[in-house]
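Source file: coords_5.tsv (TSV, C-alpha atoms)
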```
chain	number	residue	atom	x	y	z
A	1	MET	CA	0.00	0.00	0.00
A	2	SER	CA	1.27	3.48	-0.86
A	3	LYS	CA	1.89	6.08	1.82
A	4	ILE	CA	-1.36	7.43	3.31
A	5	ARG	CA	-1.25	11.19	4.02
A	6	ILE	CA	-3.87	13.41	5.62
A	7	HIS	CA	-3.74	17.19	5.68
A	8	ILE	CA	-4.36	18.73	9.11
A	9	GLU	CA	-4.43	22.48	9.75
A	10	PRO	CA	-1.43	23.55	11.87
A	11	SER	CA	-3.74	24.81	14.64
A	12	GLN	CA	-5.24	21.32	14.96
A	13	ILE	CA	-1.94	19.48	15.39
A	14	GLY	CA	-1.74	17.98	18.88
A	15	ASP	CA	-1.17	14.73	20.75
A	16	PHE	CA	-4.63	13.56	19.68
A	17	ILE	CA	-6.36	14.75	16.50
A	18	LYS	CA	-10.07	14.21	15.92
A	19	ILE	CA	-11.22	14.19	12.28
A	20	ALA	CA	-14.92	14.56	11.51
A	21	ASP	CA	-14.61	15.13	7.75
A	22	MET	CA	-16.82	12.34	6.38
A	23	GLY	CA	-14.87	12.25	3.12
A	24	VAL	CA	-11.68	11.39	5.00
A	25	VAL	CA	-13.47	8.97	7.36
A	26	HIS	CA	-15.14	7.16	4.46
A	27	LYS	CA	-11.90	6.87	2.48
A	28	LEU	CA	-9.86	5.48	5.37
A	29	LYS	CA	-12.57	3.17	6.65
A	30	HIS	CA	-14.34	1.89	3.55
A	31	VAL	CA	-11.93	2.48	0.64
A	32	LEU	CA	-8.55	1.82	2.25
A	33	ARG	CA	-10.03	-0.57	4.85
A	34	LEU	CA	-7.94	0.79	7.70
A	35	SER	CA	-8.57	-0.18	11.30
A	36	GLU	CA	-7.66	1.04	14.76
A	37	GLY	CA	-3.92	0.66	15.25
A	38	ASP	CA	-3.05	1.26	11.59
A	39	SER	CA	-0.49	3.93	10.71
A	40	VAL	CA	-0.92	7.04	8.57
A	41	PHE	CA	0.94	10.31	8.09
A	42	VAL	CA	-0.36	13.82	8.69
A	43	PHE	CA	1.09	16.99	7.19
A	44	ASP	CA	0.30	20.56	8.17
A	45	GLY	CA	1.03	22.24	4.83
A	46	MET	CA	3.62	24.43	6.57
A	47	GLY	CA	6.63	22.16	6.15
A	48	LYS	CA	6.01	19.42	8.72
A	49	GLU	CA	4.82	15.83	8.47
A	50	TYR	CA	4.24	13.38	11.33
A	51	SER	CA	3.59	9.69	11.72
A	52	ALA	CA	0.28	8.91	13.40
A	53	GLU	CA	-1.77	5.95	14.58
A	54	ILE	CA	-5.51	5.50	14.26
A	55	LYS	CA	-6.54	5.39	17.91
A	56	TYR	CA	-10.34	5.37	17.52
A	57	LEU	CA	-12.32	4.72	14.35
A	58	GLN	CA	-16.00	5.47	14.73
A	59	HIS	CA	-18.96	5.75	12.40
A	60	ASP	CA	-18.70	9.50	11.85
A	61	SER	CA	-15.19	10.39	13.05
A	62	LEU	CA	-11.75	9.09	13.79
A	63	THR	CA	-9.07	10.03	16.29
A	64	LEU	CA	-5.36	9.93	15.57
A	65	ARG	CA	-2.55	9.71	18.10
A	66	LEU	CA	0.37	11.80	16.89
A	67	GLY	CA	3.76	10.14	16.65
A	68	GLU	CA	7.24	11.34	15.72
A	69	MET	CA	7.98	13.99	13.15
A	70	ALA	CA	8.69	12.12	9.92
A	71	ARG	CA	9.81	14.99	7.69
A	72	SER	CA	10.33	18.71	7.86
A	73	GLU	CA	11.30	21.29	5.30
A	74	ALA	CA	12.20	24.96	5.56
A	75	VAL	CA	10.38	27.44	3.35
A	76	PRO	CA	11.51	26.58	-0.20
A	77	GLY	CA	14.35	28.81	-1.31
A	78	ALA	CA	12.88	29.35	-4.76
A	79	ARG	CA	9.22	29.84	-5.62
A	80	ILE	CA	7.09	29.96	-8.72
A	81	ASP	CA	3.79	31.84	-8.67
A	82	LEU	CA	1.24	31.65	-11.48
A	83	ILE	CA	-1.24	34.21	-12.80
A	84	PHE	CA	-3.98	32.59	-14.88
A	85	PRO	CA	-7.35	33.79	-16.21
A	86	LEU	CA	-10.61	32.51	-14.78
A	87	THR	CA	-12.19	30.10	-17.24
A	88	LYS	CA	-14.35	26.98	-17.40
A	89	GLU	CA	-14.37	25.00	-14.19
A	90	GLU	CA	-12.75	21.84	-15.54
A	91	LYS	CA	-9.85	23.86	-16.93
A	92	VAL	CA	-9.29	25.64	-13.61
A	93	ASP	CA	-9.37	22.24	-11.88
A	94	MET	CA	-6.63	20.92	-14.15
A	95	ILE	CA	-4.44	24.02	-13.80
A	96	LEU	CA	-4.62	23.91	-10.01
A	97	GLN	CA	-4.01	20.17	-9.81
A	98	LYS	CA	-1.15	19.80	-12.28
A	99	CYS	CA	0.64	23.04	-11.42
A	100	THR	CA	0.53	22.13	-7.73
A	101	GLU	CA	2.20	18.84	-8.63
A	102	LEU	CA	4.82	20.81	-10.60
A	103	GLY	CA	5.69	22.99	-7.62
A	104	VAL	CA	3.75	26.26	-7.92
A	105	SER	CA	3.77	28.17	-4.62
A	106	GLY	CA	0.96	30.63	-5.30
A	107	PHE	CA	-1.98	30.95	-7.68
A	108	TYR	CA	-3.47	34.29	-8.78
A	109	PRO	CA	-6.67	33.85	-10.83
A	110	PHE	CA	-7.84	36.98	-12.64
A	111	VAL	CA	-10.57	38.11	-15.03
A	112	ALA	CA	-8.97	38.62	-18.46
A	113	ASN	CA	-10.17	41.20	-20.97
A	114	ARG	CA	-10.79	38.41	-23.49
A	115	GLY	CA	-11.74	35.73	-20.96
A	116	LEU	CA	-14.93	34.67	-19.24
A	117	LYS	CA	-16.31	37.16	-16.75
A	118	ILE	CA	-16.56	34.74	-13.86
A	119	HIS	CA	-16.94	35.56	-10.17
A	120	PRO	CA	-16.57	32.27	-8.27
A	121	SER	CA	-18.78	31.66	-5.26
A	122	ASP	CA	-17.35	30.91	-1.83
A	123	SER	CA	-18.25	27.23	-2.26
A	124	LYS	CA	-16.49	27.02	-5.61
A	125	PHE	CA	-13.40	28.74	-4.22
A	126	GLU	CA	-13.40	26.27	-1.31
A	127	ARG	CA	-13.64	23.41	-3.81
A	128	TRP	CA	-10.65	24.77	-5.72
A	129	ASN	CA	-8.68	25.02	-2.50
A	130	ASN	CA	-9.49	21.38	-1.76
A	131	ILE	CA	-8.12	20.44	-5.20
A	132	VAL	CA	-4.85	22.17	-4.28
A	133	ILE	CA	-4.70	20.33	-0.94
A	134	GLU	CA	-5.39	16.97	-2.57
A	135	ALA	CA	-2.73	17.55	-5.25
A	136	ALA	CA	-0.20	18.51	-2.57
A	137	ARG	CA	-1.12	15.41	-0.57
A	138	GLN	CA	-0.79	13.12	-3.57
A	139	SER	CA	2.52	14.61	-4.72
A	140	GLU	CA	3.96	14.48	-1.17
A	141	ARG	CA	4.54	18.20	-0.91
A	142	LEU	CA	5.11	19.54	2.60
A	143	TRP	CA	4.13	23.14	1.80
A	144	LEU	CA	0.68	23.98	0.49
A	145	PRO	CA	0.45	26.49	-2.35
A	146	VAL	CA	-1.57	29.61	-1.61
A	147	LEU	CA	-4.70	30.05	-3.72
A	148	HIS	CA	-5.38	33.78	-3.72
A	149	PRO	CA	-8.87	35.18	-4.25
A	150	PRO	CA	-9.44	36.47	-7.80
A	151	VAL	CA	-7.66	39.77	-8.38
A	152	SER	CA	-7.31	42.28	-11.19
A	153	LEU	CA	-4.22	41.89	-13.34
A	154	ASP	CA	-3.16	45.43	-12.37
A	155	LYS	CA	-2.86	44.50	-8.70
A	156	VAL	CA	-0.66	41.44	-9.05
A	157	VAL	CA	1.76	42.40	-11.85
A	158	THR	CA	3.31	45.20	-9.80
A	159	GLN	CA	4.71	42.81	-7.18
A	160	HIS	CA	8.46	42.28	-7.00
A	161	TYR	CA	9.98	39.03	-8.29
A	162	ASP	CA	13.45	38.15	-9.50
A	163	LYS	CA	11.95	37.33	-12.89
A	164	LYS	CA	8.52	37.82	-14.45
A	165	LEU	CA	7.52	35.91	-17.59
A	166	PHE	CA	4.53	35.62	-19.88
A	167	GLY	CA	4.00	33.30	-22.84
A	168	ASP	CA	4.16	34.85	-26.31
A	169	PHE	CA	5.30	33.66	-29.74
A	170	SER	CA	7.56	36.72	-30.03
A	171	GLY	CA	9.39	35.83	-26.83
A	172	SER	CA	12.84	34.52	-26.06
A	173	ARG	CA	13.74	30.92	-25.30
A	174	PHE	CA	13.47	29.68	-21.73
A	175	GLU	CA	17.15	28.75	-21.59
A	176	GLU	CA	18.04	32.42	-22.19
A	177	MET	CA	16.22	33.63	-19.06
A	178	GLY	CA	18.81	32.60	-16.44
A	179	LEU	CA	16.11	31.11	-14.23
A	180	ASN	CA	18.54	29.01	-12.18
A	181	ARG	CA	19.79	32.24	-10.58
A	182	CYS	CA	16.30	33.28	-9.41
A	183	ALA	CA	14.68	32.90	-6.00
A	184	SER	CA	11.22	34.02	-7.15
A	185	ILE	CA	9.50	33.81	-10.51
A	186	LEU	CA	6.07	35.09	-11.53
A	187	LEU	CA	4.44	33.48	-14.57
A	188	ALA	CA	1.45	34.81	-16.47
A	189	VAL	CA	-0.65	32.94	-19.00
A	190	GLY	CA	-3.41	34.55	-21.01
A	191	PRO	CA	-6.82	33.30	-22.09
A	192	GLU	CA	-7.32	31.28	-25.27
A	193	GLY	CA	-7.92	34.58	-27.09
A	194	ASP	CA	-4.50	35.73	-25.80
A	195	PHE	CA	-3.78	38.78	-23.69
A	196	SER	CA	-5.23	41.99	-25.04
A	197	ASP	CA	-2.80	44.64	-26.32
A	198	GLU	CA	-3.54	46.65	-23.17
A	199	GLU	CA	-2.72	43.67	-20.93
A	200	LYS	CA	0.53	42.92	-22.79
A	201	LYS	CA	1.58	46.55	-22.48
A	202	ASN	CA	0.82	46.41	-18.76
A	203	LEU	CA	2.91	43.27	-18.33
A	204	ILE	CA	5.91	44.69	-20.17
A	205	LEU	CA	5.73	48.02	-18.31
A	206	ASN	CA	5.87	46.04	-15.05
A	207	GLY	CA	9.02	44.12	-15.97
A	208	PHE	CA	7.66	40.97	-17.62
A	209	PHE	CA	9.68	39.22	-20.31
A	210	ALA	CA	7.95	37.33	-23.12
A	211	VAL	CA	9.00	33.69	-23.49
A	212	ASN	CA	8.27	31.36	-26.38
A	213	ALA	CA	6.82	27.99	-25.35
A	214	GLY	CA	6.88	26.50	-28.86
A	215	LYS	CA	5.38	26.92	-32.29
A	216	ASN	CA	1.96	25.43	-31.57
A	217	ILE	CA	-1.04	27.31	-30.21
A	218	LEU	CA	-1.86	25.81	-26.81
A	219	ARG	CA	-5.08	25.70	-24.87
A	220	LEU	CA	-5.03	27.74	-21.69
A	221	GLU	CA	-4.66	24.78	-19.36
A	222	THR	CA	-1.97	23.21	-21.54
A	223	ALA	CA	-0.03	26.48	-21.68
A	224	ALA	CA	-0.19	26.95	-17.90
A	225	ILE	CA	1.05	23.42	-17.22
A	226	PHE	CA	3.71	23.48	-19.94
A	227	ILE	CA	5.15	26.86	-18.98
A	228	THR	CA	5.16	25.89	-15.31
A	229	GLY	CA	6.97	22.65	-16.11
A	230	LEU	CA	9.61	24.41	-18.23
A	231	THR	CA	10.15	27.05	-15.56
A	232	SER	CA	10.55	24.41	-12.85
A	233	TYR	CA	13.03	22.51	-15.02
A	234	PHE	CA	15.25	25.53	-15.76
A	235	LEU	CA	14.92	26.86	-12.20
A	236	ASN	CA	16.40	23.63	-10.83
A	237	LYS	CA	18.84	22.90	-13.63
```
Using structure tokens, write down the structure that the file contains.
Amino acid sequence: MSKIRIHIEPSQIGDFIKIADMGVVHKLKHVLRLSEGDSVFVFDGMGKEYSAEIKYLQHDSLTLRLGEMARSEAVPGARIDLIFPLTKEEKVDMILQKCTELGVSGFYPFVANRGLKIHPSDSKFERWNNIVIEAARQSERLWLPVLHPPVSLDKVVTQHYDKKLFGDFSGSRFEEMGLNRCASILLAVGPEGDFSDEEKKNLILNGFFAVNAGKNILRLETAAIFITGLTSYFLNK
């Protein structure tokens, strides 16, 4: 059986941890067929992971007894944040899931000039956050990415990063960007209709460099995943 990990908020970490989330209880009890005395791991999303034992397994809850710290990790020295336009739900799901697996530290969804004018509800935003948590759990990350509430492009592009990049056919090659010398990188991908001229001008005025991700036109979700993967590769090369 593969390693079983459960995310627990840092404030809930203690000698005994009660979990009443029926999704977690059902998975451990009925899908994974775990019993009292079985071992799992819990991670707090802030760099720490512990071994734990299922002390009590009840119909609607379970209680864990915390064990030794299994792993710890300081705040990653290099981070990648991603700006992406709000779009159809299944595309957002894929971007959040795959880019979490690829190491993104922060997500900034925004409403693009040529994109869908979407204003996600609190329940949808919570669902997206759960996708990020699940992807971090599955990929054995110790630090959870931050999913920021939707913002305007103007507000996020002014932030300081060692390097800021956006995808464009006129751009330079990734290997020319010197990403392995960066501690922070901000990526921006546009909607399937591309950034508007106004948005591109805004990006460039705020220090973004255009990078070419290939000769083919990519769907939004493909572009976000591909550019994130390339950035991660050259950042760690």
Need the shell around range 4-11 of chain A: protein/DNA/RNA residues with any atom at most 12 Å away, counting only C-alpha atoms. Skip same-chain ones fewer than 2 positions apart. Format as a JSON list (two decimals) with C-alpha atoms, keeping the file's coordinate frame?
```json
[["chain", "number", "residue", "atom", "x", "y", "z"],
["A", 1, "MET", "CA", 0.00, 0.00, 0.00],
["A", 2, "SER", "CA", 1.27, 3.48, -0.86],
["A", 13, "ILE", "CA", -1.94, 19.48, 15.39],
["A", 14, "GLY", "CA", -1.74, 17.98, 18.88],
["A", 16, "PHE", "CA", -4.63, 13.56, 19.68],
["A", 17, "ILE", "CA", -6.36, 14.75, 16.50],
["A", 18, "LYS", "CA", -10.07, 14.21, 15.92],
["A", 19, "ILE", "CA", -11.22, 14.19, 12.28],
["A", 20, "ALA", "CA", -14.92, 14.56, 11.51],
["A", 21, "ASP", "CA", -14.61, 15.13, 7.75],
["A", 23, "GLY", "CA", -14.87, 12.25, 3.12],
["A", 24, "VAL", "CA", -11.68, 11.39, 5.00],
["A", 25, "VAL", "CA", -13.47, 8.97, 7.36],
["A", 27, "LYS", "CA", -11.90, 6.87, 2.48],
["A", 28, "LEU", "CA", -9.86, 5.48, 5.37],
["A", 31, "VAL", "CA", -11.93, 2.48, 0.64],
["A", 32, "LEU", "CA", -8.55, 1.82, 2.25],
["A", 33, "ARG", "CA", -10.03, -0.57, 4.85],
["A", 34, "LEU", "CA", -7.94, 0.79, 7.70],
["A", 38, "ASP", "CA", -3.05, 1.26, 11.59],
["A", 39, "SER", "CA", -0.49, 3.93, 10.71],
["A", 40, "VAL", "CA", -0.92, 7.04, 8.57],
["A", 41, "PHE", "CA", 0.94, 10.31, 8.09],
["A", 42, "VAL", "CA", -0.36, 13.82, 8.69],
["A", 43, "PHE", "CA", 1.09, 16.99, 7.19],
["A", 44, "ASP", "CA", 0.30, 20.56, 8.17],
["A", 45, "GLY", "CA", 1.03, 22.24, 4.83],
["A", 46, "MET", "CA", 3.62, 24.43, 6.57],
["A", 47, "GLY", "CA", 6.63, 22.16, 6.15],
["A", 48, "LYS", "CA", 6.01, 19.42, 8.72],
["A", 49, "GLU", "CA", 4.82, 15.83, 8.47],
["A", 50, "TYR", "CA", 4.24, 13.38, 11.33],
["A", 51, "SER", "CA", 3.59, 9.69, 11.72],
["A", 52, "ALA", "CA", 0.28, 8.91, 13.40],
["A", 53, "GLU", "CA", -1.77, 5.95, 14.58],
["A", 54, "ILE", "CA", -5.51, 5.50, 14.26],
["A", 64, "LEU", "CA", -5.36, 9.93, 15.57],
["A", 66, "LEU", "CA", 0.37, 11.80, 16.89],
["A", 70, "ALA", "CA", 8.69, 12.12, 9.92],
["A", 130, "ASN", "CA", -9.49, 21.38, -1.76],
["A", 132, "VAL", "CA", -4.85, 22.17, -4.28],
["A", 133, "ILE", "CA", -4.70, 20.33, -0.94],
["A", 134, "GLU", "CA", -5.39, 16.97, -2.57],
["A", 135, "ALA", "CA", -2.73, 17.55, -5.25],
["A", 136, "ALA", "CA", -0.20, 18.51, -2.57],
["A", 137, "ARG", "CA", -1.12, 15.41, -0.57],
["A", 138, "GLN", "CA", -0.79, 13.12, -3.57],
["A", 139, "SER", "CA", 2.52, 14.61, -4.72],
["A", 140, "GLU", "CA", 3.96, 14.48, -1.17],
["A", 141, "ARG", "CA", 4.54, 18.20, -0.91],
["A", 142, "LEU", "CA", 5.11, 19.54, 2.60],
["A", 143, "TRP", "CA", 4.13, 23.14, 1.80],
["A", 144, "LEU", "CA", 0.68, 23.98, 0.49]]
```
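The shortest atom-to-atom distance to Ala210 in chain A, with all atoms listed in the file taken into account, belongs to A:Gly190 out of A:Gly67, A:Gly77, A:Pro85, A:Gly190.
Proximity to Pro191 in chain A at 7 Å, evaluated using all atoms listed in the file and with sequence-adjacent residues fewer than 5 positions away removed, yields Pro85, Ala112, Arg114, Gly115 and Leu220 of chain A.
Among the candidates A:Ala74, A:Met69, A:Ile204, A:Ile131, the one nearest to Lys164 in chain A when counting only C-alpha atoms is A:Ile204.
What separates CA of Asn206 in chain A from CA of Ile185 in chain A is a distance of 13.5 Å.
Taking CA of Phe195 in chain A and CA of Val146 in chain A as endpoints, the distance between them is 24.0 Å.
Across A:Lys155, A:Lys215, A:His148, A:Lys237, the tightest approach to Gly167 in chain A is made by A:Lys215 when counting all atoms listed in the file.
Here the question is which of A:Leu187, A:Thr231, A:Asp122, A:Ser105 gets nearest to Arg173 in chain A using only C-alpha atoms, and that residue is A:Thr231.
CA of Asp197 in chain A sits 18.2 Å away from CA of Lys117 in chain A.
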_Restricting the calculation to all atoms listed in the file: of A:Glu176, A:Ser152, A:Asn129, A:Arg79, which residue gets closest to Tyr108 in chain A?_
A:Ser152
_With distances taken over only C-alpha atoms, which residue among A:Val211, A:Lys3, A:His59, A:Pro145 lies nearest His26 in chain A?_
A:His59
*asked:* Set the distance at 8 Å and use all atoms listed in the file: which residues neighbour Pro149 in chain A once local chain neighbours fewer than 2 positions away are removed? I'd like the list as a list in words.
replied: Tyr108, Pro109, Phe125, Leu147 and Val151 of chain A
*Near Thr87 in chain A, counting all atoms listed in the file, which residues have an atom at most 7 Å away, once you skip same-chain residues fewer than 4 positions from it, shown as a count of residues only?*
4
Output as lines of an AutoDock Vina configuration file the centre and edge lengths (Å, one decimal) of the box along x, y and z of the file that holds every listed atom of range 40-44 of chain A after adding 4 Å on each side.
```
center_x = 0.1
center_y = 13.8
center_z = 7.9
size_x = 10.0
size_y = 21.5
size_z = 9.5
```
